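Inspection log for the structure reproduced underneath, given as structure tokens.
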Amino acid sequence: MIMYNDPIISDQREAEAHGTVSLVVPALNEARNIAWVFDQIPACVDEVILVDGDSTDATVPMAQHCLPTVRNVRQSGPGKGNALRTGFLAAKGDYVVMMDADGSMSPAEIPHFVHFLDHGYDFVKGSRFVAGGGSLDITPIRRMGNHVLLMAANRLYGACLTDLCYGYCAFRRSFLEQLDLHAVGFEIEAEMIVHALRSGLRIAEVPSLELPRRSGCSNLHAISDGRRVLRTLLSERPGARSSAARPSAVRPSAVQPETSAS
């Protein structure tokens with residue numbers, strides 16, 4: 001287990017009760033995968049928020065069939081980053097966990113993330129490249145791209161992370177404002193990490209096994225999305241003048257009304 005910004009955990013903090021957990025799942029045409037994901041959600045999750053990107057298949061009905069209590073929220077604009085920001089604003093739990101709807105991330109790992117939040121950490125990220133982690137899906141191009149971007153992030157931000165382009169993360173909802181998220185695409189995963197580093201949040205990495213997508217094709221484009229991640233790393237580095245070029249963040253009033261899960 002590799003941890004960063006390691007705090008001294010007090011007896012009082014260790015004795016605290018578990019925080020409530022909101023699971024945010026962005027989805028676009030994942031009807032064939034969402035049942036497998038929802039069937040494995042552990043008991044520690046208090047609410048599940050499905051952020052649907054106007055799916056044309058049965059993603060929403062399937063989610064409601066598998067989990068009648070799911071909160072279905074329509075994202076306010078295109079892109080994974082927008083979907084996640086919309087879901088984060090809708091979350092009510094003390095902790096927010098984000099994971100994909102394609103079956104590449106096992107819900108059974110969620111208690112590991114929650115454990116570290118319960119014990120003093122503010123931001124917990126999965127890593128495929130620490131002992132106990134791995135990937136059954138990563139291609140040579142994605143592996144090389146992640147390695148190059150990871151080296152850039154560690155150098156620019158003085159960090160010792162082992163994985164960057166992997167979107168299985170959890171954080172304390174009270175720090176959502178400090179994360180200051182604006183990204184609209186897949187680069188939001190890198191934006192979250194570098195903003196957590198810049199803000200001085202206590203970060204832990206936990207091993208995670210990336211599984212193959214269960215069916216369908218990924219919306220990730222390695223080259224173009226890699227460029228967006230690199231631009232994010234460069235523009236968000238300490239001292240960079242990027243705030244004027246940022247799009248406006250999603251505000252609570254911009255979140256689309258929920259549709260009934262009944």
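Here, A, B, ... name the chains of the structure tokens in the order displayed, residue numbers run from 1 inside each chain, and ligands are numbered from 1 in the same displayed order.
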- Long-range neighbours of A:Ile41 as a list in words, 7 Å cut-off, only C-alpha atoms, 2 positions minimum in chain: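 Selected residues are Val37, Phe38, Asp39, Ala43, Pro107 and Ala108 of chain A.
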Would you output that residue set with all heavy atoms, as a short mmCIF file (atom, residue, chain, number, x, y, z; two decimals), in the first residue's frame?
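Output contents, as saved in selection-v1.cif:
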```
data_model
loop_
_atom_site.label_atom_id
_atom_site.label_comp_id
_atom_site.auth_asym_id
_atom_site.auth_seq_id
_atom_site.Cartn_x
_atom_site.Cartn_y
_atom_site.Cartn_z
N VAL A 37 -22.56 -4.02 -12.71
CA VAL A 37 -22.00 -3.04 -11.77
C VAL A 37 -22.91 -2.89 -10.56
O VAL A 37 -22.48 -3.01 -9.41
CB VAL A 37 -21.79 -1.68 -12.46
CG1 VAL A 37 -21.34 -0.63 -11.45
CG2 VAL A 37 -20.76 -1.80 -13.59
N PHE A 38 -24.20 -2.66 -10.80
CA PHE A 38 -25.12 -2.38 -9.70
C PHE A 38 -25.34 -3.60 -8.82
O PHE A 38 -25.59 -3.46 -7.62
CB PHE A 38 -26.45 -1.86 -10.25
CG PHE A 38 -26.43 -0.39 -10.59
CD1 PHE A 38 -25.24 0.30 -10.72
CD2 PHE A 38 -27.60 0.31 -10.77
CE1 PHE A 38 -25.21 1.65 -11.02
CE2 PHE A 38 -27.60 1.67 -11.06
CZ PHE A 38 -26.39 2.33 -11.19
N ASP A 39 -25.26 -4.79 -9.38
CA ASP A 39 -25.46 -6.00 -8.59
C ASP A 39 -24.35 -6.21 -7.56
O ASP A 39 -24.54 -6.97 -6.60
CB ASP A 39 -25.53 -7.23 -9.50
CG ASP A 39 -26.86 -7.35 -10.21
OD1 ASP A 39 -27.82 -6.64 -9.82
OD2 ASP A 39 -26.95 -8.13 -11.18
N ALA A 43 -22.59 -2.87 0.73
CA ALA A 43 -23.55 -2.30 1.68
C ALA A 43 -23.10 -0.96 2.24
O ALA A 43 -23.93 -0.20 2.76
CB ALA A 43 -23.80 -3.28 2.83
N PRO A 107 -16.94 -2.79 -7.98
CA PRO A 107 -17.52 -2.14 -6.80
C PRO A 107 -17.05 -2.77 -5.49
O PRO A 107 -17.11 -2.12 -4.44
CB PRO A 107 -19.03 -2.34 -6.99
CG PRO A 107 -19.20 -2.52 -8.46
CD PRO A 107 -17.98 -3.27 -8.91
N ALA A 108 -16.57 -4.01 -5.54
CA ALA A 108 -16.10 -4.67 -4.32
C ALA A 108 -14.90 -3.96 -3.70
O ALA A 108 -14.57 -4.18 -2.53
CB ALA A 108 -15.74 -6.13 -4.63
#
```
Write out as JSON lines a residue-level contact list of stretch 131-245 of chain A versus stretch 59-81 of chain A with cut-off 10 Å: for each qualifying residue the closest pair of atoms and the distance in Å to one decimal, counting only C-alpha atoms, rows sorted by chain and residue number upward.
```
{"residue": "A:Leu181", "atom": "CA", "partner": "A:Gly81", "partner_atom": "CA", "distance": 8.5}
{"residue": "A:His182", "atom": "CA", "partner": "A:Gly81", "partner_atom": "CA", "distance": 7.7}
{"residue": "A:Ala183", "atom": "CA", "partner": "A:Gly81", "partner_atom": "CA", "distance": 5.3}
{"residue": "A:Val184", "atom": "CA", "partner": "A:Gly81", "partner_atom": "CA", "distance": 4.0}
{"residue": "A:Gly185", "atom": "CA", "partner": "A:Gly81", "partner_atom": "CA", "distance": 4.5}
{"residue": "A:Phe186", "atom": "CA", "partner": "A:Lys80", "partner_atom": "CA", "distance": 5.8}
{"residue": "A:Glu187", "atom": "CA", "partner": "A:Gly81", "partner_atom": "CA", "distance": 7.3}
{"residue": "A:Ile188", "atom": "CA", "partner": "A:Gly81", "partner_atom": "CA", "distance": 5.2}
{"residue": "A:Glu189", "atom": "CA", "partner": "A:Gly81", "partner_atom": "CA", "distance": 8.0}
{"residue": "A:Glu191", "atom": "CA", "partner": "A:Gly81", "partner_atom": "CA", "distance": 9.6}
{"residue": "A:Asn219", "atom": "CA", "partner": "A:Lys80", "partner_atom": "CA", "distance": 9.4}
{"residue": "A:Leu220", "atom": "CA", "partner": "A:Lys80", "partner_atom": "CA", "distance": 9.8}
```
Residues of the last selection are to be written out with N, CA and C atoms, as an mmCIF file, in the first residue's frame.
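Done, and the output landed in selection_13.cif:
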```
data_model
loop_
_atom_site.group_PDB
_atom_site.id
_atom_site.type_symbol
_atom_site.label_atom_id
_atom_site.label_comp_id
_atom_site.auth_asym_id
_atom_site.auth_seq_id
_atom_site.Cartn_x
_atom_site.Cartn_y
_atom_site.Cartn_z
ATOM 1 N N LEU A 181 -13.324 21.984 -9.800
ATOM 2 C CA LEU A 181 -13.320 21.242 -11.053
ATOM 3 C C LEU A 181 -14.023 21.995 -12.171
ATOM 4 N N HIS A 182 -13.382 21.996 -13.359
ATOM 5 C CA HIS A 182 -13.923 22.681 -14.523
ATOM 6 C C HIS A 182 -13.884 21.816 -15.788
ATOM 7 N N ALA A 183 -13.109 20.755 -15.789
ATOM 8 C CA ALA A 183 -12.882 19.957 -16.991
ATOM 9 C C ALA A 183 -14.190 19.354 -17.498
ATOM 10 N N VAL A 184 -14.274 19.197 -18.821
ATOM 11 C CA VAL A 184 -15.487 18.639 -19.410
ATOM 12 C C VAL A 184 -15.291 17.216 -19.927
ATOM 13 N N GLY A 185 -14.045 16.794 -20.147
ATOM 14 C CA GLY A 185 -13.779 15.481 -20.722
ATOM 15 C C GLY A 185 -13.074 14.549 -19.762
ATOM 16 N N PHE A 186 -12.381 13.542 -20.320
ATOM 17 C CA PHE A 186 -11.670 12.556 -19.521
ATOM 18 C C PHE A 186 -10.539 13.173 -18.700
ATOM 19 N N GLU A 187 -10.103 14.370 -19.070
ATOM 20 C CA GLU A 187 -9.010 15.007 -18.337
ATOM 21 C C GLU A 187 -9.411 15.404 -16.925
ATOM 22 N N ILE A 188 -10.696 15.277 -16.584
ATOM 23 C CA ILE A 188 -11.123 15.625 -15.224
ATOM 24 C C ILE A 188 -10.417 14.770 -14.181
ATOM 25 N N GLU A 189 -10.054 13.533 -14.547
ATOM 26 C CA GLU A 189 -9.382 12.654 -13.592
ATOM 27 C C GLU A 189 -8.032 13.236 -13.191
ATOM 28 N N GLU A 191 -7.243 16.460 -13.524
ATOM 29 C CA GLU A 191 -7.532 17.732 -12.870
ATOM 30 C C GLU A 191 -7.818 17.523 -11.384
ATOM 31 N N ASN A 219 -15.431 5.082 -24.951
ATOM 32 C CA ASN A 219 -15.486 6.429 -25.500
ATOM 33 C C ASN A 219 -14.147 7.143 -25.380
ATOM 34 N N LEU A 220 -13.154 6.475 -24.791
ATOM 35 C CA LEU A 220 -11.828 7.069 -24.617
ATOM 36 C C LEU A 220 -11.058 7.041 -25.932
#
```
- Query: Could you pull out the strand (DSSP E or B) residues of stretch 18-242 of chain A from DSSP and send them as an NGL selection string?
  - Reply: :A and (21-27 or 47-52 or 71-74 or 95-98 or 123-127 or 134-135 or 169-172 or 203-207 or 209-210)
- Query: Which residues in stretch 50-105 of chain A does DSSP call helix (DSSP H, G or I)? List them as a ChimeraX atom specification.
  - Reply: /A:59-66,80-90
With all heavy atoms kept, could you save the residues just selected as a short mmCIF file (atom, residue, chain, number, x, y, z; two decimals), in the first residue's frame?
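Result went into part12.cif, see below:
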```
data_model
loop_
_atom_site.label_atom_id
_atom_site.label_comp_id
_atom_site.auth_asym_id
_atom_site.auth_seq_id
_atom_site.Cartn_x
_atom_site.Cartn_y
_atom_site.Cartn_z
N THR A 59 -30.21 2.11 -20.70
CA THR A 59 -29.36 2.30 -19.53
C THR A 59 -30.17 2.70 -18.30
O THR A 59 -30.05 2.10 -17.23
CB THR A 59 -28.29 3.38 -19.81
OG1 THR A 59 -27.40 2.90 -20.83
CG2 THR A 59 -27.49 3.68 -18.56
N VAL A 60 -31.00 3.71 -18.42
CA VAL A 60 -31.76 4.21 -17.26
C VAL A 60 -32.78 3.19 -16.76
O VAL A 60 -32.81 2.87 -15.56
CB VAL A 60 -32.42 5.56 -17.58
CG1 VAL A 60 -33.35 6.00 -16.44
CG2 VAL A 60 -31.36 6.62 -17.84
N PRO A 61 -33.63 2.61 -17.63
CA PRO A 61 -34.56 1.59 -17.13
C PRO A 61 -33.85 0.39 -16.52
O PRO A 61 -34.32 -0.18 -15.52
CB PRO A 61 -35.36 1.18 -18.38
CG PRO A 61 -35.25 2.34 -19.30
CD PRO A 61 -33.90 2.93 -19.05
N MET A 62 -32.73 -0.01 -17.10
CA MET A 62 -32.00 -1.14 -16.55
C MET A 62 -31.46 -0.81 -15.17
O MET A 62 -31.52 -1.64 -14.24
CB MET A 62 -30.85 -1.53 -17.48
CG MET A 62 -30.04 -2.73 -17.00
SD MET A 62 -31.01 -4.26 -16.97
CE MET A 62 -31.18 -4.57 -18.73
N ALA A 63 -30.93 0.40 -15.00
CA ALA A 63 -30.42 0.81 -13.70
C ALA A 63 -31.53 0.82 -12.66
O ALA A 63 -31.36 0.36 -11.52
CB ALA A 63 -29.78 2.19 -13.81
N GLN A 64 -32.69 1.33 -13.03
CA GLN A 64 -33.82 1.39 -12.11
C GLN A 64 -34.35 0.00 -11.78
O GLN A 64 -34.81 -0.25 -10.67
CB GLN A 64 -34.92 2.26 -12.70
CG GLN A 64 -34.51 3.72 -12.84
CD GLN A 64 -35.54 4.57 -13.58
OE1 GLN A 64 -36.45 4.02 -14.21
NE2 GLN A 64 -35.41 5.87 -13.50
N HIS A 65 -34.29 -0.91 -12.74
CA HIS A 65 -34.71 -2.29 -12.49
C HIS A 65 -33.77 -2.98 -11.50
O HIS A 65 -34.23 -3.69 -10.60
CB HIS A 65 -34.74 -3.06 -13.81
CG HIS A 65 -34.99 -4.53 -13.64
ND1 HIS A 65 -36.24 -5.06 -13.34
CD2 HIS A 65 -34.13 -5.60 -13.71
CE1 HIS A 65 -36.15 -6.37 -13.23
NE2 HIS A 65 -34.89 -6.73 -13.45
N CYS A 66 -32.48 -2.76 -11.67
CA CYS A 66 -31.50 -3.42 -10.80
C CYS A 66 -31.43 -2.78 -9.42
O CYS A 66 -31.17 -3.47 -8.42
CB CYS A 66 -30.11 -3.36 -11.45
SG CYS A 66 -29.98 -4.26 -13.00
N LYS A 80 -17.49 13.44 -20.09
CA LYS A 80 -17.40 12.74 -18.81
C LYS A 80 -17.16 13.70 -17.66
O LYS A 80 -17.70 13.52 -16.56
CB LYS A 80 -16.28 11.70 -18.85
CG LYS A 80 -16.17 10.88 -17.58
CD LYS A 80 -15.08 9.82 -17.65
CE LYS A 80 -15.04 9.00 -16.37
NZ LYS A 80 -14.00 7.94 -16.41
N GLY A 81 -16.34 14.71 -17.91
CA GLY A 81 -16.07 15.68 -16.84
C GLY A 81 -17.33 16.39 -16.40
O GLY A 81 -17.57 16.57 -15.20
N ASN A 82 -18.15 16.79 -17.35
CA ASN A 82 -19.40 17.43 -17.01
C ASN A 82 -20.31 16.49 -16.24
O ASN A 82 -20.97 16.88 -15.27
CB ASN A 82 -20.10 17.93 -18.28
CG ASN A 82 -21.42 18.62 -17.99
OD1 ASN A 82 -22.43 17.96 -17.77
ND2 ASN A 82 -21.41 19.94 -17.98
N ALA A 83 -20.35 15.22 -16.68
CA ALA A 83 -21.19 14.24 -15.98
C ALA A 83 -20.77 14.07 -14.53
O ALA A 83 -21.61 14.05 -13.62
CB ALA A 83 -21.13 12.90 -16.72
N LEU A 84 -19.48 13.95 -14.30
CA LEU A 84 -18.99 13.77 -12.93
C LEU A 84 -19.27 15.00 -12.08
O LEU A 84 -19.72 14.89 -10.93
CB LEU A 84 -17.50 13.46 -12.94
CG LEU A 84 -17.13 12.04 -13.39
CD1 LEU A 84 -15.63 11.91 -13.58
CD2 LEU A 84 -17.62 11.00 -12.39
N ARG A 85 -19.03 16.19 -12.61
CA ARG A 85 -19.28 17.40 -11.83
C ARG A 85 -20.75 17.52 -11.48
O ARG A 85 -21.11 17.93 -10.37
CB ARG A 85 -18.79 18.64 -12.61
CG ARG A 85 -17.28 18.71 -12.72
CD ARG A 85 -16.80 20.02 -13.33
NE ARG A 85 -17.03 20.08 -14.77
CZ ARG A 85 -17.77 21.00 -15.37
NH1 ARG A 85 -18.42 21.90 -14.66
NH2 ARG A 85 -17.89 21.00 -16.68
N THR A 86 -21.62 17.15 -12.42
CA THR A 86 -23.05 17.16 -12.15
C THR A 86 -23.39 16.19 -11.01
O THR A 86 -24.16 16.51 -10.10
CB THR A 86 -23.84 16.80 -13.42
OG1 THR A 86 -23.53 17.72 -14.45
CG2 THR A 86 -25.34 16.82 -13.15
N GLY A 87 -22.82 14.99 -11.07
CA GLY A 87 -23.07 14.00 -10.03
C GLY A 87 -22.53 14.42 -8.67
O GLY A 87 -23.17 14.19 -7.63
N PHE A 88 -21.34 15.05 -8.67
CA PHE A 88 -20.76 15.49 -7.40
C PHE A 88 -21.66 16.52 -6.72
O PHE A 88 -21.84 16.51 -5.50
CB PHE A 88 -19.38 16.10 -7.63
CG PHE A 88 -18.35 15.13 -8.16
CD1 PHE A 88 -17.19 15.61 -8.78
CD2 PHE A 88 -18.53 13.77 -8.06
CE1 PHE A 88 -16.24 14.73 -9.27
CE2 PHE A 88 -17.58 12.88 -8.56
CZ PHE A 88 -16.43 13.37 -9.17
N LEU A 89 -22.22 17.43 -7.51
CA LEU A 89 -23.09 18.46 -6.94
C LEU A 89 -24.39 17.86 -6.40
O LEU A 89 -24.99 18.41 -5.47
CB LEU A 89 -23.39 19.53 -7.98
CG LEU A 89 -22.23 20.44 -8.35
CD1 LEU A 89 -22.60 21.33 -9.53
CD2 LEU A 89 -21.81 21.30 -7.17
N ALA A 90 -24.82 16.75 -6.98
CA ALA A 90 -26.06 16.11 -6.54
C ALA A 90 -25.85 15.22 -5.32
O ALA A 90 -26.81 14.86 -4.64
CB ALA A 90 -26.66 15.29 -7.68
#
```
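Using only C-alpha atoms, the smallest distance between any of A:Ser224, A:Thr56, A:Asn33, A:Gln40 and A:Gly145 comes from A:Ser224.
Minimum distance to A:Ala101 across A:Ile49, A:Cys160, A:Val194, A:Val206 (counting only C-alpha atoms) occurs at A:Ile49.
Nearest residue to A:Met151 among A:Leu233, A:Tyr121, A:Phe116, A:Ala58 is A:Leu233, counting only C-alpha atoms.
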- Tell me which of A:Ser235, A:Ala35, A:Cys44, A:Arg142 sits closest to A:His112, counting only C-alpha atoms.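 Checking each of A:Ser235, A:Ala35, A:Cys44, A:Arg142 against A:His112, counting only C-alpha atoms, the winner is A:Cys44.
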- So how many Å separate atom CA of A:Ser135 and atom CA of A:Ile110, to one decimal?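 These atoms are spaced 17.1 Å apart.
Counting only C-alpha atoms, stretch 94-99 of chain A has the following residues at most 8 Å away, ignoring those fewer than 4 positions along the same chain: A:Gly19, A:Thr20, A:Val21, A:Ser22, A:Leu23, A:Val24, A:Val25, A:Pro26, A:Leu84, A:Phe88, A:Met105, A:Ile110, A:Val114, A:Leu117, A:Gly167, A:Tyr168, A:Cys169, A:Ala170, A:Phe171, A:Arg172, A:Arg173, A:Ser174.
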- Item | Neighbour list for A:Ala27 as an MDAnalysis selection string, cut-off 8 Å, only C-alpha atoms, skip fewer than 4 positions in-chain | chainID A and resid 50:53 55 59 100:101
Output all heavy atoms of each residue in that selection to a file, as a PDB file, in the first residue's frame.
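This is the output file selection.pdb:
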```pdb
ATOM      1  N   LEU A  50     -26.801   7.861 -10.727  1.00  0.00           N
ATOM      2  CA  LEU A  50     -26.504   7.584 -12.125  1.00  0.00           C
ATOM      3  C   LEU A  50     -26.641   8.890 -12.894  1.00  0.00           C
ATOM      4  O   LEU A  50     -27.711   9.499 -12.909  1.00  0.00           O
ATOM      5  CB  LEU A  50     -27.469   6.542 -12.682  1.00  0.00           C
ATOM      6  CG  LEU A  50     -27.311   6.235 -14.171  1.00  0.00           C
ATOM      7  CD1 LEU A  50     -26.034   5.427 -14.422  1.00  0.00           C
ATOM      8  CD2 LEU A  50     -28.525   5.480 -14.711  1.00  0.00           C
ATOM      9  N   VAL A  51     -25.546   9.312 -13.523  1.00  0.00           N
ATOM     10  CA  VAL A  51     -25.578  10.528 -14.333  1.00  0.00           C
ATOM     11  C   VAL A  51     -25.620  10.095 -15.792  1.00  0.00           C
ATOM     12  O   VAL A  51     -24.628   9.633 -16.351  1.00  0.00           O
ATOM     13  CB  VAL A  51     -24.357  11.423 -14.075  1.00  0.00           C
ATOM     14  CG1 VAL A  51     -24.526  12.754 -14.805  1.00  0.00           C
ATOM     15  CG2 VAL A  51     -24.176  11.666 -12.581  1.00  0.00           C
ATOM     16  N   ASP A  52     -26.790  10.220 -16.386  1.00  0.00           N
ATOM     17  CA  ASP A  52     -26.988   9.709 -17.745  1.00  0.00           C
ATOM     18  C   ASP A  52     -26.748  10.801 -18.781  1.00  0.00           C
ATOM     19  O   ASP A  52     -27.264  11.910 -18.667  1.00  0.00           O
ATOM     20  CB  ASP A  52     -28.406   9.161 -17.889  1.00  0.00           C
ATOM     21  CG  ASP A  52     -28.650   8.600 -19.273  1.00  0.00           C
ATOM     22  OD1 ASP A  52     -27.950   7.630 -19.639  1.00  0.00           O
ATOM     23  OD2 ASP A  52     -29.518   9.140 -19.990  1.00  0.00           O
ATOM     24  N   GLY A  53     -25.953  10.466 -19.788  1.00  0.00           N
ATOM     25  CA  GLY A  53     -25.637  11.408 -20.847  1.00  0.00           C
ATOM     26  C   GLY A  53     -26.548  11.252 -22.041  1.00  0.00           C
ATOM     27  O   GLY A  53     -26.072  11.144 -23.179  1.00  0.00           O
ATOM     28  N   SER A  55     -28.571   8.667 -22.903  1.00  0.00           N
ATOM     29  CA  SER A  55     -28.408   7.352 -23.532  1.00  0.00           C
ATOM     30  C   SER A  55     -29.582   7.038 -24.449  1.00  0.00           C
ATOM     31  O   SER A  55     -30.734   7.375 -24.151  1.00  0.00           O
ATOM     32  CB  SER A  55     -28.307   6.263 -22.454  1.00  0.00           C
ATOM     33  OG  SER A  55     -27.142   6.423 -21.676  1.00  0.00           O
ATOM     34  N   THR A  59     -30.210   2.113 -20.705  1.00  0.00           N
ATOM     35  CA  THR A  59     -29.362   2.305 -19.531  1.00  0.00           C
ATOM     36  C   THR A  59     -30.170   2.700 -18.300  1.00  0.00           C
ATOM     37  O   THR A  59     -30.045   2.096 -17.232  1.00  0.00           O
ATOM     38  CB  THR A  59     -28.293   3.376 -19.810  1.00  0.00           C
ATOM     39  OG1 THR A  59     -27.403   2.901 -20.830  1.00  0.00           O
ATOM     40  CG2 THR A  59     -27.492   3.680 -18.557  1.00  0.00           C
ATOM     41  N   ASP A 100     -16.669   3.996 -13.173  1.00  0.00           N
ATOM     42  CA  ASP A 100     -17.267   3.871 -14.497  1.00  0.00           C
ATOM     43  C   ASP A 100     -18.388   2.838 -14.501  1.00  0.00           C
ATOM     44  O   ASP A 100     -18.465   1.960 -13.635  1.00  0.00           O
ATOM     45  CB  ASP A 100     -16.207   3.500 -15.522  1.00  0.00           C
ATOM     46  CG  ASP A 100     -15.190   4.623 -15.736  1.00  0.00           C
ATOM     47  OD1 ASP A 100     -15.481   5.768 -15.331  1.00  0.00           O
ATOM     48  OD2 ASP A 100     -14.107   4.351 -16.297  1.00  0.00           O
ATOM     49  N   ALA A 101     -19.228   2.927 -15.544  1.00  0.00           N
ATOM     50  CA  ALA A 101     -20.386   2.041 -15.664  1.00  0.00           C
ATOM     51  C   ALA A 101     -20.139   0.873 -16.594  1.00  0.00           C
ATOM     52  O   ALA A 101     -21.049   0.082 -16.834  1.00  0.00           O
ATOM     53  CB  ALA A 101     -21.586   2.845 -16.170  1.00  0.00           C
TER      54      ALA A 101
END
```
- Message: Give me, as a VMD selection string, all polymer residues having an atom no more than 12 Å from A:His195, counting only C-alpha atoms and skipping those fewer than 4 positions away in the same chain.
- Response: chain A and resid 123 153 157 175 to 183 188 to 191 199 to 203 232 to 233 235 to 238
Those same residues - N, CA, C and O atoms - I'd like them written as a short mmCIF file (atom, residue, chain, number, x, y, z; two decimals), in the first residue's frame.
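Written file, out.cif:
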```
data_model
loop_
_atom_site.label_atom_id
_atom_site.label_comp_id
_atom_site.auth_asym_id
_atom_site.auth_seq_id
_atom_site.Cartn_x
_atom_site.Cartn_y
_atom_site.Cartn_z
N PHE A 123 -8.48 12.39 0.05
CA PHE A 123 -8.63 12.01 -1.36
C PHE A 123 -7.94 10.67 -1.53
O PHE A 123 -6.77 10.51 -1.18
N ALA A 153 3.43 14.72 -14.37
CA ALA A 153 2.69 15.16 -13.19
C ALA A 153 3.57 15.15 -11.95
O ALA A 153 3.56 16.10 -11.15
N TYR A 157 4.47 18.68 -10.07
CA TYR A 157 3.78 18.89 -8.81
C TYR A 157 4.53 18.33 -7.61
O TYR A 157 3.99 18.31 -6.50
N PHE A 175 -14.56 18.83 0.56
CA PHE A 175 -13.44 19.42 -0.17
C PHE A 175 -13.75 19.62 -1.65
O PHE A 175 -12.84 19.92 -2.44
N LEU A 176 -15.02 19.49 -2.04
CA LEU A 176 -15.37 19.66 -3.45
C LEU A 176 -15.01 21.06 -3.95
O LEU A 176 -14.52 21.22 -5.07
N GLU A 177 -15.22 22.06 -3.12
CA GLU A 177 -14.89 23.43 -3.54
C GLU A 177 -13.39 23.59 -3.75
O GLU A 177 -12.94 24.26 -4.68
N GLN A 178 -12.58 22.96 -2.88
CA GLN A 178 -11.12 23.04 -3.03
C GLN A 178 -10.65 22.33 -4.31
O GLN A 178 -9.67 22.74 -4.92
N LEU A 179 -11.36 21.28 -4.71
CA LEU A 179 -10.99 20.59 -5.95
C LEU A 179 -11.25 21.46 -7.18
O LEU A 179 -10.59 21.27 -8.21
N ASP A 180 -12.21 22.38 -7.09
CA ASP A 180 -12.38 23.44 -8.10
C ASP A 180 -12.38 22.87 -9.52
O ASP A 180 -11.54 23.22 -10.36
N LEU A 181 -13.32 21.98 -9.80
CA LEU A 181 -13.32 21.24 -11.05
C LEU A 181 -14.02 22.00 -12.17
O LEU A 181 -15.11 22.55 -11.98
N HIS A 182 -13.38 22.00 -13.36
CA HIS A 182 -13.92 22.68 -14.52
C HIS A 182 -13.88 21.82 -15.79
O HIS A 182 -14.51 22.16 -16.78
N ALA A 183 -13.11 20.76 -15.79
CA ALA A 183 -12.88 19.96 -16.99
C ALA A 183 -14.19 19.35 -17.50
O ALA A 183 -15.08 19.01 -16.72
N ILE A 188 -10.70 15.28 -16.58
CA ILE A 188 -11.12 15.62 -15.22
C ILE A 188 -10.42 14.77 -14.18
O ILE A 188 -10.18 15.20 -13.06
N GLU A 189 -10.05 13.53 -14.55
CA GLU A 189 -9.38 12.65 -13.59
C GLU A 189 -8.03 13.24 -13.19
O GLU A 189 -7.67 13.25 -12.00
N ALA A 190 -7.28 13.75 -14.17
CA ALA A 190 -6.00 14.40 -13.87
C ALA A 190 -6.22 15.71 -13.14
O ALA A 190 -5.46 16.05 -12.22
N GLU A 191 -7.24 16.46 -13.52
CA GLU A 191 -7.53 17.73 -12.87
C GLU A 191 -7.82 17.52 -11.38
O GLU A 191 -7.33 18.29 -10.53
N SER A 199 -3.86 21.70 -3.36
CA SER A 199 -4.61 22.15 -2.17
C SER A 199 -4.04 21.57 -0.88
O SER A 199 -4.51 21.93 0.21
N GLY A 200 -3.09 20.65 -0.99
CA GLY A 200 -2.51 20.06 0.21
C GLY A 200 -3.38 19.01 0.86
O GLY A 200 -3.22 18.73 2.06
N LEU A 201 -4.31 18.42 0.09
CA LEU A 201 -5.14 17.37 0.67
C LEU A 201 -4.31 16.14 0.98
O LEU A 201 -3.30 15.87 0.33
N ARG A 202 -4.74 15.40 1.98
CA ARG A 202 -4.06 14.16 2.36
C ARG A 202 -4.50 13.06 1.41
O ARG A 202 -5.68 12.70 1.38
N ILE A 203 -3.56 12.55 0.63
CA ILE A 203 -3.87 11.64 -0.47
C ILE A 203 -3.33 10.25 -0.19
O ILE A 203 -2.21 10.09 0.30
N THR A 232 -3.90 19.97 -19.38
CA THR A 232 -4.37 20.20 -18.01
C THR A 232 -3.19 20.26 -17.04
O THR A 232 -3.12 21.15 -16.19
N LEU A 233 -2.26 19.31 -17.16
CA LEU A 233 -1.10 19.31 -16.27
C LEU A 233 -0.30 20.59 -16.40
O LEU A 233 0.17 21.15 -15.39
N SER A 235 -1.32 23.62 -17.69
CA SER A 235 -2.05 24.84 -17.36
C SER A 235 -2.37 24.97 -15.88
O SER A 235 -2.54 26.09 -15.38
N GLU A 236 -2.45 23.84 -15.17
CA GLU A 236 -2.81 23.87 -13.76
C GLU A 236 -1.60 23.87 -12.83
O GLU A 236 -1.75 23.94 -11.61
N ARG A 237 -0.41 23.82 -13.38
CA ARG A 237 0.79 23.77 -12.53
C ARG A 237 0.91 25.07 -11.74
O ARG A 237 0.41 26.11 -12.17
N PRO A 238 1.56 25.02 -10.57
CA PRO A 238 1.70 26.22 -9.75
C PRO A 238 2.34 27.35 -10.55
O PRO A 238 3.35 27.17 -11.22
#
```
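Here atom CA of A:Leu161 stands at a distance of 15.6 Å from atom CA of A:Met144.
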